[in-house]
>>> print(open('final-v4.txt').read())   # compact mmCIF, C-alpha atoms
# COMPACT_ATOMS: atom_id res chain seq x y z
CA MET N 49 87.60 103.51 74.06
CA CYS N 50 88.81 100.18 75.48
CA THR N 51 91.52 99.72 72.86
CA SER N 52 92.82 103.28 73.16
CA ALA N 53 92.97 102.90 76.95
CA CYS N 54 94.88 99.60 76.79
CA GLY N 55 98.64 99.63 77.34
CA SER N 56 99.11 96.26 75.63
CA SER N 57 97.23 97.48 72.57
CA GLN N 58 99.77 100.29 72.19
CA VAL N 59 102.73 97.91 71.84
CA SER N 60 101.39 94.52 70.64
CA ASP N 61 98.79 92.84 68.42
CA TYR N 62 96.29 92.79 71.29
CA ASN N 63 93.04 94.63 70.62
CA ALA N 64 90.34 94.61 73.29
CA ARG N 65 87.57 95.57 70.87
CA LYS N 66 88.49 92.77 68.46
CA LEU N 67 88.54 90.31 71.36
CA VAL N 68 84.99 91.29 72.31
CA ARG N 69 83.91 91.07 68.66
CA ALA N 70 85.45 87.59 68.32
CA VAL N 71 83.32 86.43 71.25
CA GLN N 72 80.19 88.03 69.78
CA LEU N 73 80.79 86.33 66.42
CA GLU N 74 81.49 82.98 68.11
CA MET N 75 85.05 82.91 66.81
CA ALA N 76 86.66 82.59 70.24
CA ASP N 77 86.81 78.78 70.19
CA GLU N 78 89.51 78.70 67.54
CA LYS N 79 92.85 77.23 68.62
CA GLU N 80 94.88 80.07 67.10
CA PHE N 81 92.81 82.65 68.99
CA LEU N 82 92.88 80.89 72.37
CA GLU N 83 96.61 80.19 72.21
CA LYS N 84 97.54 83.84 71.77
CA VAL N 85 94.97 86.60 72.24
CA PRO N 86 93.68 86.16 75.83
CA TRP N 87 97.25 86.02 77.17
CA LEU N 88 98.24 89.48 75.92
CA CYS N 89 96.09 91.26 78.53
CA SER N 90 97.71 92.54 81.74
CA GLN N 91 94.34 92.45 83.57
CA CYS N 92 94.90 96.07 84.58
CA GLY N 93 91.20 96.96 84.26
CA ARG N 94 91.69 100.35 82.59
CA CYS N 95 89.46 99.28 79.68
CA HIS N 96 86.61 98.63 82.11
CA GLU N 97 86.99 102.10 83.62
CA VAL N 98 86.50 103.85 80.27
CA CYS N 99 84.00 101.49 78.60
CA GLY N 100 80.79 103.40 77.89
CA ALA N 101 78.85 100.14 77.66
CA GLY N 102 80.14 98.93 81.01
CA LEU N 103 81.65 95.72 79.62
CA ASP N 104 83.86 93.86 82.10
CA ILE N 105 86.54 92.94 79.58
CA PRO N 106 89.07 91.67 82.18
CA LYS N 107 86.44 89.19 83.41
CA LEU N 108 85.80 88.12 79.81
CA VAL N 109 89.55 87.58 79.33
CA LEU N 110 89.65 85.47 82.49
CA GLU N 111 86.82 83.28 81.14
CA LEU N 112 88.71 82.86 77.85
CA ARG N 113 91.87 81.90 79.71
CA GLN N 114 89.98 79.23 81.63
CA LYS N 115 88.57 77.95 78.33
CA ALA N 116 92.04 77.90 76.74
CA TYR N 117 93.60 76.08 79.69
CA LYS N 118 90.89 73.41 79.79
CA ALA N 119 91.21 72.91 76.02
CA GLY N 120 94.97 72.45 76.31
CA TYR N 121 95.79 75.71 74.53
CA ALA N 122 97.53 77.58 77.36
CA PRO N 123 101.10 78.76 76.61
CA GLN N 124 103.94 76.70 78.07
CA SER N 125 104.90 79.68 80.25
CA ILE N 126 101.54 79.40 82.04
CA LEU N 127 102.01 75.68 82.64
CA THR N 128 105.47 76.42 84.04
CA LEU N 129 104.04 79.14 86.29
CA ARG N 130 101.49 76.66 87.64
CA LYS N 131 104.15 74.01 88.24
CA ASN N 132 106.44 76.44 90.06
CA ILE N 133 103.69 77.71 92.39
CA LEU N 134 102.36 74.25 93.24
CA GLU N 135 105.80 72.69 93.75
CA ALA N 136 107.93 75.58 95.03
CA ALA N 137 105.30 78.05 96.37
CA THR N 138 106.49 80.80 94.03
CA PRO N 139 106.19 81.65 90.32
CA PHE N 140 109.81 82.84 90.32
CA LYS N 141 112.96 80.75 90.23
CA SER N 142 116.30 81.86 91.60
CA GLY N 143 119.64 80.14 91.73
CA ASN N 144 120.86 81.99 94.82
CA ARG N 145 117.77 83.28 96.66
CA THR N 146 114.94 81.75 98.62
CA LYS N 147 111.83 83.36 100.08
CA THR N 148 113.71 83.86 103.36
CA SER N 149 117.31 84.54 102.29
CA TRP N 150 116.68 88.31 102.52
CA ALA N 151 116.15 87.91 106.29
CA LYS N 152 119.84 87.15 106.94
CA ASP N 153 120.62 90.87 106.87
CA ALA N 154 117.37 92.05 108.48
CA PRO N 155 116.08 92.28 112.06
CA PRO N 156 115.03 88.75 113.07
CA PRO N 157 111.37 87.73 113.18
CA SER N 158 109.67 86.92 116.46
CA ASP N 159 107.05 84.24 117.07
CA SER N 160 105.50 86.46 119.75
CA ALA N 161 104.85 89.40 117.41
CA GLU N 162 101.22 90.22 116.66
CA THR N 163 101.99 91.32 113.10
CA LEU N 164 102.50 88.75 110.38
CA PHE N 165 104.66 90.02 107.54
CA PHE N 166 103.36 88.27 104.42
CA THR N 167 106.35 88.60 102.13
CA GLY N 168 104.85 87.35 98.88
CA CYS N 169 107.08 86.04 96.12
CA ALA N 170 108.25 88.96 93.99
CA GLY N 171 109.86 90.85 96.86
CA PRO N 172 111.98 88.11 98.43
CA LEU N 173 113.17 86.60 95.15
CA MET N 174 113.33 89.56 92.79
CA ALA N 175 113.60 92.65 95.02
CA PRO N 176 114.88 91.61 98.47
CA ASN N 177 115.58 95.26 99.25
CA ILE N 178 111.81 95.70 99.67
CA SER N 179 111.45 92.78 102.08
CA LYS N 180 114.40 93.96 104.16
CA ALA N 181 113.01 97.51 104.36
CA MET N 182 109.62 96.13 105.42
CA ALA N 183 111.20 94.05 108.18
CA GLU N 184 113.11 97.06 109.50
CA VAL N 185 110.04 99.30 109.51
CA LEU N 186 107.82 96.68 111.17
CA THR N 187 110.47 96.09 113.82
CA LYS N 188 110.43 99.80 114.65
CA THR N 189 106.69 100.46 114.36
CA ALA N 190 104.84 97.21 115.14
CA GLY N 191 106.91 95.73 117.95
CA GLY N 192 108.40 93.19 115.57
CA TYR N 193 107.04 90.81 113.00
CA ARG N 194 106.54 87.12 112.47
CA LEU N 195 106.79 85.02 109.30
CA LEU N 196 104.84 81.99 108.16
CA LYS N 197 106.88 78.83 108.07
CA ASP N 198 107.16 77.69 104.45
CA GLU N 199 104.97 80.58 103.26
CA LEU N 200 102.73 79.68 100.33
CA CYS N 201 102.27 81.92 97.30
CA CYS N 202 99.05 83.93 97.65
CA GLY N 203 98.04 82.40 94.31
CA GLU N 204 97.22 85.70 92.62
CA PRO N 205 99.23 84.73 89.50
CA MET N 206 97.14 81.56 89.15
CA ILE N 207 93.90 83.47 89.63
CA VAL N 208 94.61 86.08 86.96
CA VAL N 209 95.59 83.47 84.37
CA GLY N 210 92.47 81.39 84.98
CA LEU N 211 93.78 78.46 87.04
CA LEU N 212 90.96 78.83 89.51
CA ASP N 213 90.71 75.28 90.85
CA ASP N 214 94.39 75.22 91.76
CA ALA N 215 94.17 78.75 93.15
CA ARG N 216 91.17 77.86 95.30
CA ALA N 217 92.90 74.87 96.90
CA ASN N 218 96.00 76.99 97.49
CA ALA N 219 93.93 79.81 99.02
CA GLU N 220 92.21 77.48 101.48
CA LYS N 221 95.59 76.20 102.69
CA LEU N 222 96.97 79.72 103.08
CA VAL N 223 93.93 81.02 104.97
CA LYS N 224 94.27 78.12 107.41
CA ALA N 225 98.00 78.81 107.85
CA ILE N 226 97.32 82.48 108.63
CA LYS N 227 94.58 81.55 111.13
CA ASP N 228 96.82 78.97 112.80
CA SER N 229 99.68 81.48 113.10
CA GLY N 230 97.81 83.38 115.81
CA ALA N 231 98.69 86.75 114.27
CA LYS N 232 96.27 89.63 114.82
CA ARG N 233 97.13 91.37 111.58
CA VAL N 234 98.76 90.69 108.22
CA VAL N 235 100.83 93.37 106.53
CA THR N 236 102.20 92.97 103.02
CA ALA N 237 104.21 95.17 100.68
CA CYS N 238 102.73 93.41 97.67
CA ALA N 239 99.72 94.93 95.92
CA GLY N 240 98.91 91.58 94.30
CA CYS N 241 98.94 89.72 97.62
CA TYR N 242 96.75 92.35 99.25
CA ASN N 243 94.26 92.27 96.37
CA ALA N 244 94.18 88.48 96.43
CA LEU N 245 93.67 88.12 100.18
CA THR N 246 91.01 90.83 100.47
CA ARG N 247 89.15 90.78 97.14
CA LEU N 248 90.00 87.91 94.79
CA TYR N 249 89.62 85.19 97.42
CA PRO N 250 85.98 85.99 98.27
CA GLU N 251 84.85 87.42 94.91
CA VAL N 252 86.52 85.02 92.47
CA LEU N 253 87.36 81.90 94.48
CA GLY N 254 84.59 81.94 97.08
CA VAL N 255 87.18 81.66 99.88
CA ASN N 256 86.71 83.94 102.89
CA PRO N 257 89.76 85.79 104.23
CA PRO N 258 91.03 84.62 107.64
CA GLU N 259 88.37 85.56 110.19
CA GLY N 260 89.40 87.99 112.91
CA VAL N 261 92.67 88.90 111.20
CA GLU N 262 93.20 92.44 109.95
CA ILE N 263 94.79 92.52 106.48
CA ARG N 264 96.61 95.68 105.45
CA HIS N 265 98.82 96.80 102.63
CA PHE N 266 101.94 98.50 103.94
CA ALA N 267 100.64 101.89 102.79
CA GLN N 268 97.48 101.50 104.89
CA PHE N 269 99.44 100.29 107.89
CA ILE N 270 101.83 103.27 107.89
CA ALA N 271 99.06 105.78 107.08
CA GLY N 272 97.35 104.62 110.27
CA LYS N 273 100.43 105.43 112.37
CA LYS N 274 99.73 109.12 112.88
CA ASP N 275 102.46 109.60 115.51
CA LEU N 276 105.39 108.60 113.29
CA LYS N 277 108.06 111.18 112.53
CA LEU N 278 109.12 110.85 108.91
CA LYS N 279 111.90 113.08 107.63
CA LEU N 280 114.43 112.65 104.82
CA ASP N 281 118.04 113.68 105.31
CA LYS N 282 118.11 115.05 101.78
CA PRO N 283 115.16 116.63 99.90
CA MET N 284 113.58 114.42 97.25
CA THR N 285 110.93 114.94 94.59
CA VAL N 286 109.00 111.81 93.63
CA SER N 287 106.06 110.65 91.54
CA TYR N 288 103.75 107.89 92.73
CA HIS N 289 102.68 105.06 90.42
CA ASP N 290 99.26 103.57 91.20
CA PRO N 291 99.65 99.77 90.97
CA CYS N 292 96.59 98.31 89.24
CA SER N 293 96.05 95.66 91.93
CA LEU N 294 96.18 98.23 94.72
CA GLY N 295 94.43 101.10 92.91
CA ARG N 296 91.84 100.13 90.30
CA HIS N 297 91.18 96.69 91.79
CA ALA N 298 91.40 97.24 95.55
CA LYS N 299 90.50 100.98 95.47
CA VAL N 300 93.45 102.01 97.67
CA TYR N 301 94.47 105.44 96.39
CA ASP N 302 94.82 107.79 99.34
CA PRO N 303 96.97 105.94 101.93
CA PRO N 304 100.16 105.85 99.80
CA ARG N 305 99.78 109.55 99.05
CA GLU N 306 99.08 110.36 102.69
CA VAL N 307 102.30 108.60 103.67
CA LEU N 308 104.40 110.36 101.05
CA LYS N 309 102.93 113.79 101.87
CA SER N 310 103.68 113.24 105.56
CA ILE N 311 107.42 112.87 104.91
CA GLU N 312 109.32 116.07 105.63
CA GLY N 313 111.68 116.89 102.77
CA LEU N 314 109.66 114.99 100.16
CA THR N 315 107.71 116.64 97.35
CA LEU N 316 105.06 114.60 95.54
CA VAL N 317 104.42 115.39 91.87
CA GLU N 318 101.37 113.58 90.51
CA LEU N 319 101.55 111.76 87.20
CA THR N 320 98.85 112.35 84.62
CA PRO N 321 96.68 110.32 84.34
CA ASN N 322 96.54 108.82 87.82
CA ARG N 323 94.32 106.94 90.27
CA ASP N 324 91.57 104.99 88.44
CA ARG N 325 92.90 106.10 85.03
CA SER N 326 96.56 105.46 85.84
CA LEU N 327 98.58 103.77 83.09
CA CYS N 328 99.56 100.17 83.86
CA CYS N 329 103.20 99.07 84.29
CA GLY N 330 102.44 96.18 81.92
CA ALA N 331 103.67 93.25 84.02
CA GLY N 332 100.46 92.12 85.71
CA GLY N 333 97.94 89.51 84.66
CA GLY N 334 100.68 86.98 83.93
CA MET N 335 102.28 89.20 81.28
CA TRP N 336 105.71 88.98 82.89
CA SER N 337 105.54 85.19 82.43
CA VAL N 338 103.98 85.22 78.94
CA ASP N 339 106.04 87.99 77.33
CA PRO N 340 108.29 90.19 79.49
CA ASN N 341 109.29 92.20 76.41
CA ILE N 342 105.70 93.40 75.97
CA ALA N 343 105.56 94.16 79.70
CA MET N 344 108.65 96.36 79.39
CA GLU N 345 107.30 98.05 76.26
CA VAL N 346 104.18 99.02 78.22
CA ALA N 347 106.36 100.35 81.05
CA ASN N 348 108.36 102.39 78.55
CA SER N 349 105.10 103.74 77.12
CA LYS N 350 104.12 104.92 80.60
CA PHE N 351 107.49 106.63 80.93
CA GLN N 352 106.98 108.47 77.63
CA ARG N 353 103.34 109.42 78.27
CA SER N 354 103.29 110.14 82.03
CA MET N 355 106.74 110.38 83.58
CA LEU N 356 108.54 112.39 80.94
CA PRO N 357 105.97 115.23 81.02
CA ALA N 358 106.11 115.21 84.84
CA LYS N 359 109.94 115.28 84.75
CA THR N 360 109.97 112.28 87.08
CA GLU N 361 113.38 111.47 88.57
CA VAL N 362 112.22 109.09 91.31
CA LEU N 363 109.26 106.75 90.86
CA VAL N 364 107.65 105.24 93.96
CA SER N 365 105.29 102.27 93.90
CA GLY N 366 103.64 99.93 96.37
CA CYS N 367 104.00 96.80 94.26
CA PRO N 368 107.14 94.65 93.85
CA THR N 369 105.99 93.49 90.39
CA CYS N 370 105.70 97.09 89.20
CA PHE N 371 109.05 97.83 90.86
CA ILE N 372 110.75 94.96 89.02
CA ASN N 373 109.27 95.77 85.62
CA PHE N 374 110.07 99.48 85.82
CA ARG N 375 113.59 98.80 87.09
CA PHE N 376 114.35 96.32 84.30
CA THR N 377 112.83 98.67 81.72
CA PHE N 378 114.71 101.75 82.87
CA LEU N 379 118.02 99.87 83.11
CA LYS N 380 117.58 98.28 79.69
CA ARG N 381 116.71 101.57 78.02
CA LYS N 382 119.04 103.67 80.19
CA LEU N 383 116.19 105.94 81.25
CA PRO N 384 117.03 108.49 83.99
CA VAL N 385 114.50 107.38 86.62
CA GLN N 386 115.24 105.78 89.98
CA VAL N 387 112.65 103.27 91.20
CA LEU N 388 111.90 102.90 94.90
CA ASP N 389 109.27 101.03 96.86
CA LEU N 390 107.17 102.86 99.43
CA ALA N 391 108.72 100.72 102.17
CA GLU N 392 112.20 101.88 101.18
CA ILE N 393 111.19 105.55 101.32
CA VAL N 394 109.55 105.13 104.75
CA ASN N 395 112.56 103.22 106.08
CA ARG N 396 114.86 106.05 105.01
CA ALA N 397 112.63 108.69 106.54
CA LEU N 398 111.68 106.96 109.81
CA LYS N 399 113.02 108.85 112.82
CA LEU N 400 112.26 107.45 116.27
>>> encode(input="final-v4.txt", output="structure tokens")
Amino acid sequence: MCTSACGSSQVSDYNARKLVRAVQLEMADEKEFLEKVPWLCSQCGRCHEVCGAGLDIPKLVLELRQKAYKAGYAPQSILTLRKNILEAATPFKSGNRTKTSWAKDAPPPSDSAETLFFTGCAGPLMAPNISKAMAEVLTKTAGGYRLLKDELCCGEPMIVVGLLDDARANAEKLVKAIKDSGAKRVVTACAGCYNALTRLYPEVLGVNPPEGVEIRHFAQFIAGKKDLKLKLDKPMTVSYHDPCSLGRHAKVYDPPREVLKSIEGLTLVELTPNRDRSLCCGAGGGMWSVDPNIAMEVANSKFQRSMLPAKTEVLVSGCPTCFINFRFTFLKRKLPVQVLDLAEIVNRALKL
């Protein structure tokens, strides 16, 4: 069940059942195993949803990654990811973008705003259109937004690849920075950031989220604004992709759908499977760093298995990492699907 449910298993040598068996047979200490196998998992959690025995395979993979790192068997890409986050506060590198360059063409932030826009890393550096749309919507609906000075990475990439000591120290610094900002709420467009701040910090790192500060994914924030008038100028039919970090991990399924269904002129066509059984985009769990080709193969598999039967023309997600992987995949393979973030759709439809 776990192997058949696994996107990576469909397109690579990864096999969840064999990984579990290797641990049972005490073969998981071998250098060849630790250098390769644990890093081919996207940490999507779909295997755990279907496992009749209730095995938490993603947690097992995380333990193996920690073992591999401590033994010196982690791939160079993981060491580079660690270096980039600790030194530059982002796993991504860009020759012409910074984490704030998107703001040049957006409404300016305000230090008096009660809402802190936590931009994350993927949006500003890889999909600045998402960050700009978020800033415009928050300006219109939240009385403005503020930014953290020298915003740290949330550390989610380090957590999911097993660099827990580094992630814990990073998390403690970020929680303090959010507390010191004086913001009443944090809103982020990133599923990974939301999952890290609300779930991974306390459950995996033992770090409590900032006390007295409301943390919301953009979908939850907009779903709570019942008085907004959302209407598209031109009718649009879309499908919604459940990001693993927002859906299976953080259990946020309804708010994005509530927002999309509230938009006049928009028709939502559900993909099959969806929600807790939704197919992964393939880029999470460090996969984009370890092997982006496998990540894109998994995304293409989702297109063939879910989007093609649904005749999807526009795919909407609430995760910049999913957005990036799908966009790269569709462009590379010339697939006829437009990818939009939920913030972009709301920004188009917002009528004040």
>>> closest_residue(input="final-v4.txt", among="N:Gly333, N:Pro321, N:Val223, N:Ser160", to="N:Glu204", atoms="all atoms listed in the file")
N:Gly333
>>> closest_residue(input="final-v4.txt", among="N:Lys66, N:Arg145, N:Arg381, N:Lys84", to="N:Ile105", atoms="all atoms listed in the file")
N:Lys66
>>> closest_residue(input="final-v4.txt", among="N:Val109, N:Val300, N:Ala116, N:Ala70", to="N:Leu88", atoms="only C-alpha atoms")
N:Val109
>>> residues_around(input="final-v4.txt", residues="stretch 277-281 of chain N", least_positions_apart="5", cutoff="8 Å", atoms="all atoms listed in the file", output="list in words")
Ser310, Ile311, Glu312, Gly313, Leu314, Val394, Arg396, Ala397, Leu398, Lys399 and Leu400 of chain N
>>> write_last_selection(input="final-v4.txt", atoms="C-alpha atoms", output="CSV table (one decimal), in the frame of the given file")
chain,number,residue,atom,x,y,z
N,310,SER,CA,103.7,113.2,105.6
N,311,ILE,CA,107.4,112.9,104.9
N,312,GLU,CA,109.3,116.1,105.6
N,313,GLY,CA,111.7,116.9,102.8
N,314,LEU,CA,109.7,115.0,100.2
N,394,VAL,CA,109.6,105.1,104.8
N,396,ARG,CA,114.9,106.0,105.0
N,397,ALA,CA,112.6,108.7,106.5
N,398,LEU,CA,111.7,107.0,109.8
N,399,LYS,CA,113.0,108.8,112.8
N,400,LEU,CA,112.3,107.4,116.3
>>> closest_residue(input="final-v4.txt", among="N:Val286, N:Ile133, N:Ala151, N:Leu363", to="N:Asn218", atoms="only C-alpha atoms")
N:Ile133
>>> residues_near_point(input="final-v4.txt", point="(99.4, 95.3, 72.8)", cutoff="10 Å", atoms="only C-alpha atoms", output="PyMOL selection string")
chain N and resi 51+54-64+85+88-90+330+342-343+345-346
>>> residues_near_point(input="final-v4.txt", point="(101.5, 95.3, 88.6)", cutoff="12 Å", atoms="all atoms listed in the file", output="MDAnalysis selection string")
chainID N and resid 90:93 170 204:205 208 238:241 243 289:297 326:336 343:344 346:347 365:374
>>> atom_distance(input="final-v4.txt", atom1="atom CA of N:Thr377", atom2="atom CA of N:Asp389")
15.7 Å
>>> axis_aligned_box(input="final-v4.txt", around="stretch 112-117 of chain N", padding_each_side="3 Å", output="AutoDock Vina command-line options")
--center_x 91.1 --center_y 79.5 --center_z 79.2 --size_x 11.0 --size_y 12.8 --size_z 10.9
>>> closest_residue(input="final-v4.txt", among="N:Thr128, N:Asn395, N:Ser229, N:Gln72", to="N:Ile270", atoms="all atoms listed in the file")
N:Asn395
>>> closest_residue(input="final-v4.txt", among="N:Pro123, N:Glu392, N:Pro357, N:Ser52", to="N:Cys99", atoms="all atoms listed in the file")
N:Ser52
>>> residues_around(input="final-v4.txt", residues="N:Glu259", least_positions_apart="6", cutoff="10 Å", atoms="all atoms listed in the file", output="short mmCIF file (atom, residue, chain, number, x, y, z; two decimals) with C-alpha atoms, keeping the file's coordinate frame")
data_model
loop_
_atom_site.label_atom_id
_atom_site.label_comp_id
_atom_site.auth_asym_id
_atom_site.auth_seq_id
_atom_site.Cartn_x
_atom_site.Cartn_y
_atom_site.Cartn_z
CA VAL N 223 93.93 81.02 104.97
CA LYS N 224 94.27 78.12 107.41
CA ILE N 226 97.32 82.48 108.63
CA LYS N 227 94.58 81.55 111.13
#
>>> atom_distance(input="final-v4.txt", atom1="atom CA of N:Arg113", atom2="atom CA of N:Arg69")
16.4 Å
>>> atom_distance(input="final-v4.txt", atom1="atom CA of N:Ile263", atom2="atom CA of N:Val235")
6.1 Å
>>> residues_around(input="final-v4.txt", residues="N:Val307", least_positions_apart="5", cutoff="10 Å", atoms="all atoms listed in the file", output="ChimeraX atom specification")
/N:267-274,278,302,390,393-394
>>> closest_atom_pairs(input="final-v4.txt", of="stretch 83-173 of chain N", to="stretch 247-257 of chain N", cutoff="12 Å", atoms="only C-alpha atoms", output="Markdown table")
| residue | atom | partner | partner_atom | distance |
| --- | --- | --- | --- | --- |
| N:Lys107 | CA | N:Val252 | CA | 10.0 |
| N:Leu110 | CA | N:Val252 | CA | 10.5 |
| N:Glu111 | CA | N:Val252 | CA | 11.5 |
>>> residues_around(input="final-v4.txt", residues="N:Arg233", least_positions_apart="6", cutoff="7 Å", atoms="only C-alpha atoms", output="PDB file with C-alpha atoms, keeping the file's coordinate frame")
ATOM      1  CA  GLU N 162     101.220  90.220 116.660  1.00  0.00           C
ATOM      2  CA  THR N 163     101.990  91.320 113.100  1.00  0.00           C
ATOM      3  CA  LEU N 164     102.500  88.750 110.380  1.00  0.00           C
ATOM      4  CA  VAL N 261      92.670  88.900 111.200  1.00  0.00           C
ATOM      5  CA  GLU N 262      93.200  92.440 109.950  1.00  0.00           C
ATOM      6  CA  ILE N 263      94.790  92.520 106.480  1.00  0.00           C
TER       7      ILE N 263
END
